[in-house]
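These notes concern the structure reproduced below.
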Amino acid sequence: MRRKTIDSDAGQVEGRHADAFWRRHVDMGVASFVIGVFALLLYLVLTPHGPDRGALEVFGGALVVWWLAVFGPIGRRAVRTRYRRAFFMIWSLATLASIATAIGLDGGSRSPLLVMLVLPVLFGALVYPPLDVCVLALSAEALFVALVLAEPAPGASRSLVTGVMLALTGGISVMASINRLVQERARNRLGARLHEMATHDGLTGCLSYLSFRRALQAEAARARRYGNAFSLVIADLDSFKTINDTYGHDVGDAVLRSVAQAFLSGARDSDVVGRIGGDEFAILLPETGSVRSEQVAQRLQFHARNCRLPVEATVSYGTATWRGPDDDLEDVFRRADQALYSAKHAGRDRIAVWANALPIS
């Protein structure tokens, strides 16, 4: 189907929303990390007699400067690139390493800071894919084991409880990420279906009238900007009311579907096919002059004449070409419509081009 104009616009909007979302996620992550470092500094103030207080203060201050001055700005740029996922994984793993370093300086597995190892895992569970959350959970558990093994005489019961807590938190985070992914996919499928229903005709699969008009307006604006001509073909089934009255609306609908598929098959990749009335279709031909539009119309006619129909039916065509910046879009529509009526009056089942106003059988 020729949906590139509509789908491209929707994709651009979705891309802008995604970039904005991930920039907010970077800002939230930086803010959370800075708050965490200040909580660490407050902890150091409240426990002045613990080990390596001077080193921890310097380390915490350096982390704040690094995250605000380097990692945050890099992240805001990375979200607009294909390296976004890699950046967030490196960021989260670096956060885990920073927390493990602080724990090591604070006494190792006996430090109350040990509980902070779960924070990057919980943060990742909010938006990361399940595989990435699983990597973070295993990394947090591995760091915990390394800290425990580095202790000459760790508290066995306390280490066991902490290890189990980290494992449970990691497992819950992975399951939450999987559940979120399932919900997102269902929501995306629903959104795609609603987008399809809003922009396309349910019977034929062509663009709806309003969506086709938006595509036509966008092409007219582009033509005025770059000076490239575009053409419009209007196609109408001949004596369609007679088909409905004689054979019933089910047969009439089958004829419409078959003819629409013929147009979609015969149109070029850049063309846009819309259903603009009960038995009337319009085909936008970007960057196409009068001579080429006639050739495309003939190809559409060939496909329509050779498609399988439940009953005999013919189609008439009218084409018109944009004349330049002073040409109004409604006038292009009007000329194509008048060319269509010229084809009808000349005997139907033929093409009329506004430039010469002579129907082509």
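As shown in the structure tokens, the chain order sets the letters A, B, ...; within each chain, residues go from 1, and ligands are also counted from 1 in the order they appear.
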Set the distance at 7 Å and use only C-alpha atoms: which residues neighbour stretch 257-265 of chain A once local chain neighbours fewer than 6 positions away are removed? I'd like the list as a short mmCIF file (atom, residue, chain, number, x, y, z; two decimals) with C-alpha atoms, in the first residue's frame.
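out-v6.cif written:
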data_model
loop_
_atom_site.label_atom_id
_atom_site.label_comp_id
_atom_site.auth_asym_id
_atom_site.auth_seq_id
_atom_site.Cartn_x
_atom_site.Cartn_y
_atom_site.Cartn_z
CA MET A 1 0.00 0.00 0.00
CA ARG A 2 1.06 3.57 -0.62
CA LEU A 203 -13.37 -1.50 3.12
CA THR A 204 -10.63 -0.92 0.55
CA VAL A 273 -4.13 6.09 -3.25
CA LEU A 300 -3.88 1.99 -13.43
CA HIS A 303 -4.58 -3.17 -13.72
CA ALA A 304 -8.26 -2.34 -13.17
CA CYS A 307 -8.34 -7.60 -12.06
CA ARG A 308 -10.82 -10.33 -11.11
CA LEU A 309 -14.29 -8.88 -10.52
#
Could you find all residues in stretch 140-342 of chain A that DSSP calls strand (DSSP E) from the backbone, and write them as a list in words?
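Taking stretch 140-342 of chain A and keeping strand (DSSP E) only, one gets Ser231, Leu232, Val233, Ile234, Ala235, Asp236, Leu237, Val272, Val273, Gly274, Arg275, Glu280, Phe281, Ala282, Ile283, Leu284, Leu285, Val315, Ser316, Tyr317, Gly318, Thr319, Ala320 and Thr321 of chain A.
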Just the selected residues (C-alpha atoms), exported as a PDB file, in the first residue's frame, please.
ATOM      1  CA  SER A 231      -0.480  15.362 -10.728  1.00  0.00           C
ATOM      2  CA  LEU A 232      -3.815  14.054  -9.562  1.00  0.00           C
ATOM      3  CA  VAL A 233      -5.862  11.200 -10.988  1.00  0.00           C
ATOM      4  CA  ILE A 234      -9.515  10.824 -10.070  1.00  0.00           C
ATOM      5  CA  ALA A 235     -11.095   7.475 -10.879  1.00  0.00           C
ATOM      6  CA  ASP A 236     -14.782   6.621 -10.683  1.00  0.00           C
ATOM      7  CA  LEU A 237     -16.589   3.323 -11.270  1.00  0.00           C
ATOM      8  CA  VAL A 272      -0.768   7.777  -2.683  1.00  0.00           C
ATOM      9  CA  VAL A 273      -4.126   6.091  -3.249  1.00  0.00           C
ATOM     10  CA  GLY A 274      -7.220   7.313  -1.433  1.00  0.00           C
ATOM     11  CA  ARG A 275     -10.928   6.586  -1.460  1.00  0.00           C
ATOM     12  CA  GLU A 280     -14.582   7.416  -6.297  1.00  0.00           C
ATOM     13  CA  PHE A 281     -10.830   7.127  -5.833  1.00  0.00           C
ATOM     14  CA  ALA A 282      -7.996   9.638  -6.098  1.00  0.00           C
ATOM     15  CA  ILE A 283      -4.344   8.915  -6.776  1.00  0.00           C
ATOM     16  CA  LEU A 284      -1.693  11.500  -5.957  1.00  0.00           C
ATOM     17  CA  LEU A 285       1.343  11.350  -8.259  1.00  0.00           C
ATOM     18  CA  VAL A 315     -13.729   2.749 -14.524  1.00  0.00           C
ATOM     19  CA  SER A 316     -13.312   6.248 -15.921  1.00  0.00           C
ATOM     20  CA  TYR A 317     -10.310   8.471 -15.153  1.00  0.00           C
ATOM     21  CA  GLY A 318      -9.542  12.173 -15.156  1.00  0.00           C
ATOM     22  CA  THR A 319      -6.074  13.676 -14.618  1.00  0.00           C
ATOM     23  CA  ALA A 320      -4.804  17.167 -13.920  1.00  0.00           C
ATOM     24  CA  THR A 321      -1.361  18.584 -13.172  1.00  0.00           C
TER      25      THR A 321
END
Would you mind telling me which residue in A:Val127, A:Leu340, A:Ile103, A:Ile35 lies nearest to A:Gly50 when using only C-alpha atoms?
A:Ile103
Can you pull out the residues contacting A:Arg348? Cut-off 8 Å, using only C-alpha atoms, and skip same-chain residues under 2 positions away; I want them as a ChimeraX atom specification.
/A:238,314-316,343-346,350
Go ahead and save the residues from that selection, with N, CA and C atoms, as a compact mmCIF listing (two decimals), in the first residue's frame.
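Now in selection_38.txt:
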# COMPACT_ATOMS: atom_id res chain seq x y z
N ASP A 238 -17.94 3.20 -13.23
CA ASP A 238 -19.07 3.54 -14.10
C ASP A 238 -20.32 2.76 -13.69
N THR A 314 -16.52 -1.17 -15.20
CA THR A 314 -15.50 -0.34 -15.84
C THR A 314 -15.25 0.90 -14.98
N VAL A 315 -14.15 1.57 -15.30
CA VAL A 315 -13.73 2.75 -14.52
C VAL A 315 -13.34 3.85 -15.49
N SER A 316 -13.72 5.07 -15.16
CA SER A 316 -13.31 6.25 -15.92
C SER A 316 -12.31 7.05 -15.10
N ALA A 343 -14.38 12.17 -19.58
CA ALA A 343 -14.26 10.75 -19.91
C ALA A 343 -15.60 10.05 -19.82
N LYS A 344 -16.39 10.41 -18.82
CA LYS A 344 -17.72 9.82 -18.66
C LYS A 344 -18.61 10.15 -19.87
N HIS A 345 -18.60 11.40 -20.24
CA HIS A 345 -19.47 11.84 -21.34
C HIS A 345 -19.02 11.28 -22.68
N ALA A 346 -17.74 10.92 -22.78
CA ALA A 346 -17.22 10.37 -24.04
C ALA A 346 -17.50 8.87 -24.18
N ARG A 350 -12.57 5.10 -19.94
CA ARG A 350 -11.47 5.75 -20.65
C ARG A 350 -10.83 6.82 -19.76
Give the answer as one residue: which of A:Gly72, A:Leu93, A:Leu160, A:Val291 has the shortest atom-to-atom distance to A:Arg24, using only C-alpha atoms?
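Among A:Gly72, A:Leu93, A:Leu160, A:Val291, it is A:Gly72 that comes nearest to A:Arg24.
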Could you tell me how far atom CA of A:Ala336 sits from atom CA of A:Asp250, in Å to one decimal place?
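Going from atom CA of A:Asp250 over to atom CA of A:Ala336 covers 29.4 Å.
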For a quick check of understanding, using only C-alpha atoms, which of A:Thr169, A:Arg268, A:Ser177, A:Trp322 has the smallest distance to A:Ala221?
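Among A:Thr169, A:Arg268, A:Ser177, A:Trp322, it is A:Trp322 that comes nearest to A:Ala221.
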Using DSSP on the backbone coordinates, identify the residues of stretch 258-359 of chain A assigned to alpha helix (DSSP H); present them as number ranges by chain.
A: 258-266, 290-306, 329-345
